[in-house]
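Reading through the structure tokens given below for one structure.
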Amino acid sequence: MGSAGFDYGLLTPLAAYLMACLGAALGLRCVVRTVHAEKGRKAAWLGLGAAALGCGIWSMHFIAMIGFSVPGADITYDAPLTVLSLVVAIVMVSVGMFIVGYRGVSPMPLATAGIITGLGVAVMHYLGMAAMQVNGTITYNNLTVALSVLIAVAAATAALWAAVSIRGFAPALGASLVMGVAVTGMHYTGMAAVDVHVHSAASGYGDNAASLVLPMLLGPAVFLILAAVVVMFDPLLVAGDEQEPAPSFSRPRTPVG
């Protein structure tokens, strides 16, 4: 049996939550930016937002996993599967964002985008779990796994709706905080489904958590910082000018003579 992920108390859950909120906030703000973007730049903003959200969710997962342990066993990670989980998160979040970015949030596009994005979050989580190698057998409670997937889909759908529908800095910030709760809640719900039966001998293969996970978190963390800089220095988002621009009227001509 493994710990639920609280080996360091509330430190790792809080850090994971903040990372999820950062990714969600950047993702939402980038989608808002597409309202004003020229047609050629819309895809770039959507791609930046999807990458930020995907990196935030992936980083949340592995920060939270630092607090997970199995008594009597060492936890190691398979590097290719760990990287694959990041790629899956970004790609599937991108699909969802591009759907709502170009098709809006009418029921069918929103439901499609929410399901794809939510499944992407869930697949990322369970790929990350598959990358975890431990001297034992890992089993899951199917009902709890199903609940975690439903939470992921609901959270993704709500986030995509908020990204297109909510205007103003304060409401968008609130939406990102709620999204952080939902994504982190999905993670710990998934972890509650885990049961580990430890074998007698040590495994001794793969990369340990300290040598793999922490260095790999640096890349997404640096990307999120750079994305935050891009967002913070964007004039429209800094000024909070997220409404449709007011119509401009030409100056009336003064009659001659």
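Ordering of the structure tokens sets the chain letters (A, B, ...); residue numbers start at 1 within each chain; ligands are numbered from 1 in the order shown.
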Taking the DSSP secondary structure from the backbone, can you list the residues of region 35-191 of chain A that are helix (DSSP H, G or I), as number ranges by chain?
A: 39-66, 79-103, 107-131, 142-165, 169-191
Same residues, C-alpha atoms, output as a tab-separated table (two decimals), in the first residue's frame:
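Everything below was put into again.tsv:
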```tsv
chain	number	residue	atom	x	y	z
A	39	LYS	CA	-6.19	35.75	-37.86
A	40	GLY	CA	-2.59	34.71	-38.45
A	41	ARG	CA	-1.71	35.01	-34.76
A	42	LYS	CA	-4.74	33.28	-33.30
A	43	ALA	CA	-3.20	29.83	-33.69
A	44	ALA	CA	-0.01	31.01	-32.00
A	45	TRP	CA	-1.89	32.25	-28.93
A	46	LEU	CA	-3.96	29.06	-28.76
A	47	GLY	CA	-0.80	26.96	-29.05
A	48	LEU	CA	0.92	28.95	-26.30
A	49	GLY	CA	-2.11	28.61	-24.05
A	50	ALA	CA	-2.40	24.87	-24.66
A	51	ALA	CA	1.30	24.31	-23.98
A	52	ALA	CA	1.08	26.36	-20.78
A	53	LEU	CA	-1.96	24.46	-19.53
A	54	GLY	CA	-0.47	21.09	-20.49
A	55	CYS	CA	2.84	21.90	-18.77
A	56	GLY	CA	1.01	23.15	-15.69
A	57	ILE	CA	-1.06	19.97	-15.37
A	58	TRP	CA	1.94	17.71	-15.99
A	59	SER	CA	4.08	19.61	-13.48
A	60	MET	CA	1.26	19.43	-10.95
A	61	HIS	CA	1.19	15.64	-11.28
A	62	PHE	CA	4.90	15.08	-10.76
A	63	ILE	CA	5.23	17.65	-7.98
A	64	ALA	CA	2.44	15.82	-6.19
A	65	MET	CA	4.17	12.49	-6.85
A	66	ILE	CA	7.25	13.68	-4.95
A	79	ALA	CA	12.13	8.39	-18.62
A	80	PRO	CA	10.51	7.78	-22.06
A	81	LEU	CA	7.05	7.20	-20.54
A	82	THR	CA	7.48	10.28	-18.37
A	83	VAL	CA	8.24	12.43	-21.42
A	84	LEU	CA	5.39	10.78	-23.36
A	85	SER	CA	2.95	11.77	-20.62
A	86	LEU	CA	3.97	15.43	-21.10
A	87	VAL	CA	3.57	15.21	-24.88
A	88	VAL	CA	0.13	13.62	-24.54
A	89	ALA	CA	-0.99	16.35	-22.12
A	90	ILE	CA	0.07	19.16	-24.47
A	91	VAL	CA	-1.29	17.55	-27.65
A	92	MET	CA	-4.73	16.67	-26.27
A	93	VAL	CA	-5.13	20.01	-24.50
A	94	SER	CA	-4.20	21.68	-27.80
A	95	VAL	CA	-6.98	19.84	-29.62
A	96	GLY	CA	-9.54	21.00	-27.09
A	97	MET	CA	-8.35	24.60	-27.13
A	98	PHE	CA	-8.29	24.82	-30.90
A	99	ILE	CA	-11.84	23.46	-31.09
A	100	VAL	CA	-13.26	26.11	-28.76
A	101	GLY	CA	-10.92	28.76	-30.14
A	102	TYR	CA	-12.30	28.37	-33.65
A	103	ARG	CA	-15.77	26.88	-33.06
A	107	PRO	CA	-22.90	22.65	-26.83
A	108	MET	CA	-21.42	20.23	-29.36
A	109	PRO	CA	-17.96	21.81	-29.82
A	110	LEU	CA	-17.66	22.41	-26.07
A	111	ALA	CA	-18.64	18.85	-25.19
A	112	THR	CA	-16.24	17.43	-27.78
A	113	ALA	CA	-13.38	19.65	-26.65
A	114	GLY	CA	-14.08	18.95	-22.98
A	115	ILE	CA	-14.09	15.19	-23.46
A	116	ILE	CA	-10.87	15.21	-25.51
A	117	THR	CA	-9.07	17.53	-23.10
A	118	GLY	CA	-10.33	15.71	-20.01
A	119	LEU	CA	-9.29	12.36	-21.40
A	120	GLY	CA	-5.91	13.90	-22.19
A	121	VAL	CA	-5.51	14.94	-18.55
A	122	ALA	CA	-6.53	11.47	-17.38
A	123	VAL	CA	-4.26	9.70	-19.88
A	124	MET	CA	-1.38	11.94	-18.79
A	125	HIS	CA	-2.01	10.98	-15.17
A	126	TYR	CA	-2.14	7.24	-15.77
A	127	LEU	CA	0.81	7.32	-18.19
A	128	GLY	CA	2.72	9.07	-15.42
A	129	MET	CA	1.66	6.28	-13.07
A	130	ALA	CA	2.72	3.68	-15.65
A	131	ALA	CA	6.14	5.37	-15.74
A	142	ASN	CA	-11.92	0.76	-11.11
A	143	LEU	CA	-14.74	2.87	-9.66
A	144	THR	CA	-12.30	5.42	-8.26
A	145	VAL	CA	-10.43	5.52	-11.57
A	146	ALA	CA	-13.72	6.18	-13.39
A	147	LEU	CA	-14.51	8.97	-10.93
A	148	SER	CA	-11.10	10.57	-11.55
A	149	VAL	CA	-11.74	10.52	-15.31
A	150	LEU	CA	-15.16	12.13	-14.85
A	151	ILE	CA	-13.60	14.86	-12.71
A	152	ALA	CA	-10.97	15.47	-15.40
A	153	VAL	CA	-13.61	15.79	-18.15
A	154	ALA	CA	-15.80	18.09	-16.04
A	155	ALA	CA	-12.83	20.26	-15.08
A	156	ALA	CA	-11.61	20.50	-18.68
A	157	THR	CA	-15.08	21.38	-19.97
A	158	ALA	CA	-15.52	24.09	-17.35
A	159	ALA	CA	-12.07	25.51	-18.05
A	160	LEU	CA	-12.61	25.65	-21.81
A	161	TRP	CA	-15.98	27.34	-21.33
A	162	ALA	CA	-14.42	29.86	-18.96
A	163	ALA	CA	-11.56	30.53	-21.37
A	164	VAL	CA	-13.94	31.74	-24.07
A	165	SER	CA	-16.80	33.14	-21.99
A	169	PHE	CA	-8.95	39.78	-14.86
A	170	ALA	CA	-10.66	38.97	-11.55
A	171	PRO	CA	-13.22	36.49	-12.97
A	172	ALA	CA	-10.51	34.80	-15.04
A	173	LEU	CA	-8.28	34.52	-11.96
A	174	GLY	CA	-11.16	32.97	-10.04
A	175	ALA	CA	-11.75	30.49	-12.85
A	176	SER	CA	-8.08	29.46	-12.81
A	177	LEU	CA	-8.21	28.90	-9.04
A	178	VAL	CA	-11.28	26.68	-9.44
A	179	MET	CA	-9.59	24.84	-12.30
A	180	GLY	CA	-6.57	24.27	-10.05
A	181	VAL	CA	-8.81	22.70	-7.40
A	182	ALA	CA	-10.47	20.44	-9.97
A	183	VAL	CA	-7.24	19.25	-11.61
A	184	THR	CA	-5.49	18.66	-8.29
A	185	GLY	CA	-8.60	16.93	-6.99
A	186	MET	CA	-8.57	14.66	-10.04
A	187	HIS	CA	-4.96	13.73	-9.27
A	188	TYR	CA	-5.56	12.82	-5.65
A	189	THR	CA	-8.76	10.98	-6.55
A	190	GLY	CA	-6.68	8.92	-8.97
A	191	MET	CA	-4.08	8.31	-6.29
```
Report, in Å with one decimal, the straight-line distance from CA of Pro71 (chain A) to CA of Val198 (chain A).
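Pair CA of Pro71 (chain A) / CA of Val198 (chain A) returns 8.3 Å.
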